[in-house]
file coords.csv (CSV, C-alpha atoms)
chain,number,residue,atom,x,y,z
A,1,GLN,CA,54.8,-24.3,11.5
A,2,ASP,CA,58.5,-24.5,12.4
A,3,PHE,CA,57.6,-27.2,14.9
A,4,ASN,CA,55.8,-29.2,12.2
A,5,VAL,CA,58.8,-28.9,9.8
A,6,GLU,CA,61.2,-30.0,12.5
A,7,SER,CA,59.0,-32.9,13.5
A,8,GLU,CA,58.8,-34.0,9.9
A,9,ARG,CA,62.6,-33.9,9.6
A,10,ASN,CA,62.9,-35.9,12.8
A,11,VAL,CA,60.5,-38.5,11.6
A,12,PHE,CA,62.6,-38.8,8.4
A,13,ASP,CA,65.8,-39.2,10.4
A,14,VAL,CA,64.2,-41.9,12.5
A,15,LYS,CA,63.1,-43.8,9.4
A,16,HIS,CA,66.7,-43.4,8.0
A,17,ILE,CA,68.1,-45.0,11.2
A,18,VAL,CA,65.6,-47.8,11.1
A,19,PHE,CA,66.3,-48.5,7.5
A,20,GLN,CA,70.0,-48.6,8.1
A,21,THR,CA,69.4,-51.2,10.8
A,22,LEU,CA,67.3,-53.2,8.3
A,23,ASN,CA,70.1,-53.0,5.8
A,24,HIS,CA,72.4,-54.6,8.3
A,25,PHE,CA,70.1,-57.6,8.9
A,26,LEU,CA,69.3,-58.0,5.2
A,27,ARG,CA,73.0,-57.7,4.4
A,28,ARG,CA,72.4,-54.8,2.0
A,29,ASP,CA,75.6,-53.0,1.1
A,30,VAL,CA,74.6,-49.3,0.7
A,31,HIS,CA,77.7,-47.2,0.2
A,32,LEU,CA,76.0,-44.1,-1.2
A,33,HIS,CA,72.3,-43.7,-1.8
A,34,GLY,CA,71.7,-43.1,-5.6
A,35,SER,CA,75.1,-44.2,-6.8
A,36,ALA,CA,74.1,-47.0,-9.1
A,37,PHE,CA,76.9,-46.7,-11.7
A,38,ASP,CA,79.8,-47.2,-9.3
A,39,SER,CA,79.3,-48.1,-5.7
A,40,HIS,CA,82.5,-46.4,-4.7
A,41,ASP,CA,82.7,-43.2,-6.9
A,42,SER,CA,81.3,-41.1,-4.0
A,43,LYS,CA,78.9,-39.1,-6.2
A,44,VAL,CA,75.4,-39.2,-7.6
A,45,ASN,CA,74.9,-38.0,-11.2
A,46,LEU,CA,73.1,-38.6,-14.5
A,47,ALA,CA,75.1,-41.7,-15.1
A,48,ASP,CA,73.3,-43.4,-12.2
A,49,THR,CA,69.9,-42.8,-13.7
A,50,VAL,CA,71.1,-44.2,-17.0
A,51,MET,CA,72.5,-47.3,-15.3
A,52,ILE,CA,69.2,-48.0,-13.5
A,53,MET,CA,67.1,-47.6,-16.7
A,54,GLN,CA,69.5,-49.7,-18.8
A,55,ALA,CA,69.3,-52.4,-16.2
A,56,LEU,CA,65.5,-52.3,-16.3
A,57,VAL,CA,65.2,-52.0,-20.1
A,58,ASN,CA,67.8,-54.6,-21.0
A,59,PRO,CA,68.6,-56.8,-18.0
A,60,ASP,CA,70.4,-59.4,-20.2
A,61,LYS,CA,73.1,-56.9,-21.0
A,62,PHE,CA,73.0,-54.5,-18.1
A,63,GLY,CA,71.3,-56.4,-15.2
A,64,ILE,CA,73.2,-57.8,-12.3
A,65,ASN,CA,74.3,-60.9,-14.4
A,66,GLY,CA,74.4,-58.9,-17.6
A,67,SER,CA,76.9,-59.6,-20.4
A,68,GLU,CA,78.2,-56.0,-20.6
A,69,THR,CA,81.3,-55.2,-18.6
A,70,THR,CA,79.5,-52.1,-17.3
A,71,HIS,CA,76.4,-53.9,-16.0
A,72,ILE,CA,75.0,-53.0,-12.6
A,73,THR,CA,76.5,-54.7,-9.6
A,74,ARG,CA,74.8,-55.9,-6.4
A,75,ALA,CA,76.2,-52.9,-4.5
A,76,GLY,CA,75.0,-50.6,-7.3
A,77,MET,CA,71.5,-52.1,-7.0
A,78,ASP,CA,71.4,-51.5,-3.3
A,79,ASN,CA,72.6,-47.9,-3.7
A,80,ALA,CA,70.1,-47.3,-6.5
A,81,ASP,CA,67.0,-48.4,-4.4
A,82,VAL,CA,66.0,-44.9,-3.3
A,83,GLU,CA,62.2,-44.7,-3.8
A,84,GLN,CA,60.2,-47.0,-1.5
A,85,SER,CA,63.7,-48.1,-0.5
A,86,GLY,CA,63.8,-51.8,0.3
A,87,ASN,CA,61.6,-53.0,-2.6
A,88,GLY,CA,64.3,-53.2,-5.3
A,89,ILE,CA,64.9,-50.9,-8.2
A,90,THR,CA,62.3,-49.5,-10.5
A,91,ASN,CA,61.8,-46.6,-12.9
A,92,ASN,CA,60.8,-44.6,-9.8
A,93,ASP,CA,64.3,-44.8,-8.4
A,94,ALA,CA,65.7,-43.2,-11.6
A,95,LEU,CA,63.0,-40.6,-11.3
A,96,SER,CA,63.9,-39.9,-7.6
A,97,ILE,CA,67.6,-39.4,-8.5
A,98,GLN,CA,66.7,-36.9,-11.2
A,99,LYS,CA,64.4,-35.0,-8.8
A,100,TYR,CA,67.3,-34.9,-6.3
A,101,LYS,CA,69.7,-33.5,-8.9
A,102,LEU,CA,67.1,-30.9,-9.8
A,103,ASN,CA,66.7,-30.0,-6.1
A,104,LEU,CA,63.1,-31.1,-6.1
A,105,ILE,CA,63.8,-33.3,-3.1
A,106,ARG,CA,66.4,-32.6,-0.4
A,107,GLN,CA,67.9,-36.1,0.2
A,108,LEU,CA,68.0,-39.7,-0.8
A,109,PRO,CA,66.3,-42.1,-0.2
A,110,GLU,CA,63.1,-40.2,-1.1
A,111,SER,CA,60.9,-42.8,0.8
A,112,TYR,CA,61.1,-46.2,2.5
A,113,SER,CA,59.1,-49.4,2.0
A,114,GLN,CA,57.1,-50.7,4.8
A,115,THR,CA,57.9,-54.3,3.7
A,116,PRO,CA,61.6,-54.4,2.5
A,117,VAL,CA,62.5,-57.4,0.3
A,118,THR,CA,65.8,-59.3,0.5
A,119,GLN,CA,66.4,-59.8,-3.2
A,120,PRO,CA,65.9,-56.7,-5.4
A,121,THR,CA,65.7,-57.5,-9.1
A,122,THR,CA,66.5,-55.9,-12.4
A,123,GLN,CA,63.8,-57.8,-14.3
A,124,ALA,CA,61.5,-55.3,-15.8
A,125,THR,CA,58.2,-57.3,-16.2
A,126,THR,CA,56.2,-54.3,-17.1
A,127,GLN,CA,58.8,-52.6,-19.3
A,128,PRO,CA,59.6,-53.3,-22.9
A,129,THR,CA,62.7,-55.5,-23.4
A,130,THR,CA,63.3,-54.7,-27.0
A,131,GLN,CA,66.4,-52.8,-28.1
A,132,THR,CA,66.2,-49.2,-29.1
A,133,THR,CA,65.8,-49.0,-32.9
A,134,THR,CA,66.9,-45.5,-33.7
A,135,GLN,CA,66.3,-44.6,-37.3
A,136,THR,CA,69.5,-43.5,-39.1
A,137,THR,CA,68.0,-41.7,-42.0
A,138,THR,CA,70.4,-39.0,-43.2
A,139,GLN,CA,69.4,-35.5,-42.1
A,140,PRO,CA,70.6,-32.1,-43.2
A,141,THR,CA,74.3,-31.7,-42.8
A,142,THR,CA,75.1,-29.0,-40.3
A,143,GLN,CA,74.7,-30.3,-36.7
A,144,PRO,CA,75.7,-28.7,-33.4
A,145,THR,CA,78.6,-30.3,-31.6
A,146,GLN,CA,77.0,-30.0,-28.2
A,147,PRO,CA,73.8,-31.9,-27.2
A,148,THR,CA,72.4,-28.9,-25.4
A,149,GLN,CA,71.7,-27.1,-28.6
A,150,THR,CA,68.4,-27.6,-30.3
A,151,THR,CA,68.2,-28.8,-33.9
A,152,SER,CA,64.4,-28.3,-34.5
A,153,GLN,CA,65.3,-25.9,-37.5
A,154,GLN,CA,67.1,-28.8,-39.3
A,155,VAL,CA,64.1,-31.1,-39.5
A,156,GLN,CA,60.5,-30.9,-40.8
A,157,GLY,CA,59.1,-30.7,-37.3
A,158,VAL,CA,58.3,-32.7,-34.3
A,159,THR,CA,56.8,-36.1,-35.3
A,160,MET,CA,56.0,-37.2,-31.7
A,161,TYR,CA,56.9,-35.4,-28.5
A,162,GLY,CA,59.2,-37.5,-26.4
A,163,ASP,CA,60.1,-40.0,-29.2
A,164,SER,CA,63.8,-39.4,-29.0
A,165,ASN,CA,64.7,-42.7,-30.7
A,166,CYS,CA,62.1,-42.3,-33.5
A,167,ASP,CA,60.5,-45.7,-33.2
A,168,GLY,CA,57.0,-44.3,-33.3
A,169,LYS,CA,56.2,-44.6,-29.5
A,170,VAL,CA,57.3,-43.0,-26.3
A,171,ASN,CA,58.6,-45.3,-23.5
A,172,LEU,CA,61.5,-45.7,-21.1
A,173,SER,CA,64.0,-46.2,-24.0
A,174,ASP,CA,63.4,-42.6,-25.0
A,175,ALA,CA,64.4,-41.3,-21.6
A,176,VAL,CA,67.5,-43.5,-21.8
A,177,MET,CA,68.4,-42.1,-25.2
A,178,ILE,CA,68.2,-38.5,-23.9
A,179,MET,CA,70.3,-39.2,-20.8
A,180,GLN,CA,72.9,-41.1,-22.8
A,181,ALA,CA,73.2,-38.3,-25.3
A,182,LEU,CA,73.6,-35.8,-22.4
A,183,ALA,CA,76.0,-37.9,-20.3
A,184,ASN,CA,78.1,-39.1,-23.2
A,185,PRO,CA,77.7,-36.9,-26.3
A,186,ASN,CA,80.8,-38.2,-28.0
A,187,LYS,CA,79.2,-41.6,-28.3
A,188,TYR,CA,75.4,-40.9,-28.2
A,189,GLY,CA,75.1,-37.3,-29.2
A,190,LEU,CA,74.2,-36.0,-32.7
A,191,ASN,CA,77.7,-36.6,-34.0
A,192,GLY,CA,78.3,-39.6,-31.7
A,193,THR,CA,80.3,-42.7,-32.7
A,194,GLY,CA,77.8,-45.1,-31.3
A,195,SER,CA,75.5,-46.9,-33.8
A,196,TYR,CA,72.5,-45.9,-31.7
A,197,HIS,CA,73.4,-42.2,-31.3
A,198,VAL,CA,70.5,-39.7,-31.3
A,199,THR,CA,69.4,-38.2,-34.7
A,200,PRO,CA,68.4,-34.6,-35.5
A,201,GLN,CA,64.7,-35.8,-35.7
A,202,GLY,CA,65.0,-37.6,-32.4
A,203,TRP,CA,66.6,-34.5,-30.8
A,204,ALA,CA,63.7,-32.3,-32.0
A,205,ASN,CA,61.2,-34.8,-30.6
A,206,ALA,CA,63.1,-35.0,-27.3
A,207,ASP,CA,62.4,-31.4,-26.4
A,208,CYS,CA,59.1,-32.1,-24.7
A,209,LYS,CA,59.5,-30.1,-21.5
A,210,SER,CA,59.4,-26.3,-21.8
A,211,VAL,CA,59.5,-26.7,-25.6
A,212,GLY,CA,62.1,-24.4,-27.2
A,213,ASP,CA,64.7,-24.4,-24.4
A,214,GLY,CA,66.7,-27.3,-25.8
A,215,VAL,CA,67.1,-30.8,-24.6
A,216,THR,CA,67.9,-31.2,-20.9
A,217,ASN,CA,67.6,-33.8,-18.1
A,218,SER,CA,64.2,-32.2,-17.5
A,219,ASP,CA,62.9,-33.7,-20.8
A,220,ALA,CA,63.9,-37.2,-19.7
A,221,LEU,CA,62.2,-36.6,-16.4
A,222,ALA,CA,59.1,-35.4,-18.2
A,223,ILE,CA,59.0,-38.6,-20.2
A,224,GLN,CA,59.1,-40.7,-17.1
A,225,GLN,CA,56.4,-38.6,-15.4
A,226,MET,CA,54.3,-39.1,-18.5
A,227,LEU,CA,54.8,-42.9,-18.2
A,228,LEU,CA,53.6,-42.6,-14.6
A,229,LYS,CA,50.6,-40.7,-15.9
A,230,LEU,CA,51.6,-37.6,-14.0
A,231,VAL,CA,51.8,-35.2,-17.0
A,232,ASN,CA,51.0,-35.1,-20.7
A,233,LEU,CA,53.6,-34.2,-23.4
A,234,PRO,CA,54.6,-31.6,-24.2
A,235,CYS,CA,54.5,-30.0,-20.8
call {"tool": "encode", "arguments": {"input": "coords.csv", "output": "structure tokens"}}
result
Amino acid sequence: QDFNVESERNVFDVKHIVFQTLNHFLRRDVHLHGSAFDSHDSKVNLADTVMIMQALVNPDKFGINGSETTHITRAGMDNADVEQSGNGITNNDALSIQKYKLNLIRQLPESYSQTPVTQPTTQATTQPTTQTTTQTTTQPTTQPTQPTQTTSQQVQGVTMYGDSNCDGKVNLSDAVMIMQALANPNKYGLNGTGSYHVTPQGWANADCKSVGDGVTNSDALAIQQMLLKLVNLPC
């Protein structure tokens, strides 16, 4: 058994070396696998998954040629390509980064493509491109100041598990909403200054993984797993 584990590790290391060689010939600039937000910040965190998902959901603003100053860069795209690495960025790359941060996989990239492409893209042909339309209906007054606290007592109940932006459906935008609220609560949390900050109803809906433990990165992960037909919500 130890031999098999060591053999598997050696195979992964060989694939890693081969892929680095392919990067050289394809002129890919991988500085740190998973670091989509800033190619030179030397860390991988929740902001990187947000960057990938924003670039996929709204490429006009956050894609490689996006209008926002914080749009993804070419180096960031190369770094972000960590699932079937070599085939460009997809929702699965954001999923892999979250799995890595939750210690569900030991390193990035998680897997390699057998047929790498030279031009990864942020166009999301199978994802919705409409902007998040979070409802801003006034909810009961007392709200927690930290996004890690649940607010299910302040609303009538969950209207749809996973529907964090309260638009009546569950899709990638809901995972983005959760991760934005966790990564930048001052702007996107319950009391956030952003026009699209999460609402108490949305926060109650967002608690879809291990319901009752509050909203965490695991809830955003569960939404993505649901979209990939790996789980049902709540889970």
call {"tool": "closest_residue", "arguments": {"input": "coords.csv", "among": "A:Gln114, A:Leu172, A:Gly202, A:Ala181", "to": "Gly157 in chain A", "atoms": "only C-alpha atoms"}}
result
A:Gly202
call {"tool": "atom_distance", "arguments": {"input": "coords.csv", "atom1": "CA of His31 in chain A", "atom2": "CA of Asp60 in chain A"}}
result
24.9 Å
call {"tool": "atom_distance", "arguments": {"input": "coords.csv", "atom1": "CA of Asp78 in chain A", "atom2": "CA of Gln225 in chain A"}}
result
23.2 Å
call {"tool": "atom_distance", "arguments": {"input": "coords.csv", "atom1": "CA of Asn65 in chain A", "atom2": "CA of Ile97 in chain A"}}
result
23.3 Å
call {"tool": "closest_residue", "arguments": {"input": "coords.csv", "among": "A:Asp219, A:Asp48, A:Asp163, A:Asp213", "to": "Ile72 in chain A", "atoms": "all atoms listed in the file"}}
result
A:Asp48
call {"tool": "closest_residue", "arguments": {"input": "coords.csv", "among": "A:Ser218, A:Ser67, A:Gln224, A:Asn171", "to": "Leu102 in chain A", "atoms": "only C-alpha atoms"}}
result
A:Ser218
call {"tool": "residues_near_point", "arguments": {"input": "coords.csv", "point": "(78.0, -41.8, -3.3)", "cutoff": "6 Å", "atoms": "only C-alpha atoms", "output": "PyMOL selection string"}}
result
chain A and resi 32+35+42-44
call {"tool": "write_last_selection", "arguments": {"input": "coords.csv", "atoms": "C-alpha atoms", "output": "CSV table (one decimal), in the coordinates of the input"}}
result
chain,number,residue,atom,x,y,z
A,32,LEU,CA,76.0,-44.1,-1.2
A,35,SER,CA,75.1,-44.2,-6.8
A,42,SER,CA,81.3,-41.1,-4.0
A,43,LYS,CA,78.9,-39.1,-6.2
A,44,VAL,CA,75.4,-39.2,-7.6
call {"tool": "closest_residue", "arguments": {"input": "coords.csv", "among": "A:Leu227, A:Leu108, A:Arg74, A:Tyr100", "to": "Lys169 in chain A", "atoms": "only C-alpha atoms"}}
result
A:Leu227
call {"tool": "residues_around", "arguments": {"input": "coords.csv", "residues": "Phe62 in chain A", "least_positions_apart": "4", "cutoff": "12 Å", "atoms": "all atoms listed in the file", "output": "tab-separated table (two decimals) with C-alpha atoms, in the coordinates of the input"}}
result
chain	number	residue	atom	x	y	z
A	36	ALA	CA	74.10	-47.00	-9.10
A	37	PHE	CA	76.90	-46.70	-11.70
A	50	VAL	CA	71.10	-44.20	-17.00
A	51	MET	CA	72.50	-47.30	-15.30
A	52	ILE	CA	69.20	-48.00	-13.50
A	53	MET	CA	67.10	-47.60	-16.70
A	54	GLN	CA	69.50	-49.70	-18.80
A	55	ALA	CA	69.30	-52.40	-16.20
A	56	LEU	CA	65.50	-52.30	-16.30
A	57	VAL	CA	65.20	-52.00	-20.10
A	58	ASN	CA	67.80	-54.60	-21.00
A	66	GLY	CA	74.40	-58.90	-17.60
A	67	SER	CA	76.90	-59.60	-20.40
A	68	GLU	CA	78.20	-56.00	-20.60
A	69	THR	CA	81.30	-55.20	-18.60
A	70	THR	CA	79.50	-52.10	-17.30
A	71	HIS	CA	76.40	-53.90	-16.00
A	72	ILE	CA	75.00	-53.00	-12.60
A	73	THR	CA	76.50	-54.70	-9.60
A	74	ARG	CA	74.80	-55.90	-6.40
A	76	GLY	CA	75.00	-50.60	-7.30
A	77	MET	CA	71.50	-52.10	-7.00
A	121	THR	CA	65.70	-57.50	-9.10
A	122	THR	CA	66.50	-55.90	-12.40
A	123	GLN	CA	63.80	-57.80	-14.30
A	124	ALA	CA	61.50	-55.30	-15.80
A	129	THR	CA	62.70	-55.50	-23.40
call {"tool": "residues_around", "arguments": {"input": "coords.csv", "residues": "Ser113 in chain A", "least_positions_apart": "4", "cutoff": "6 Å", "atoms": "all atoms listed in the file", "output": "ChimeraX atom specification"}}
result
/A:84-86
call {"tool": "closest_residue", "arguments": {"input": "coords.csv", "among": "A:Asn165, A:Thr115, A:Asn217, A:Asn232", "to": "Leu190 in chain A", "atoms": "all atoms listed in the file"}}
result
A:Asn165
call {"tool": "closest_residue", "arguments": {"input": "coords.csv", "among": "A:Val158, A:Ile178, A:Ile64, A:Cys166", "to": "Leu233 in chain A", "atoms": "all atoms listed in the file"}}
result
A:Val158
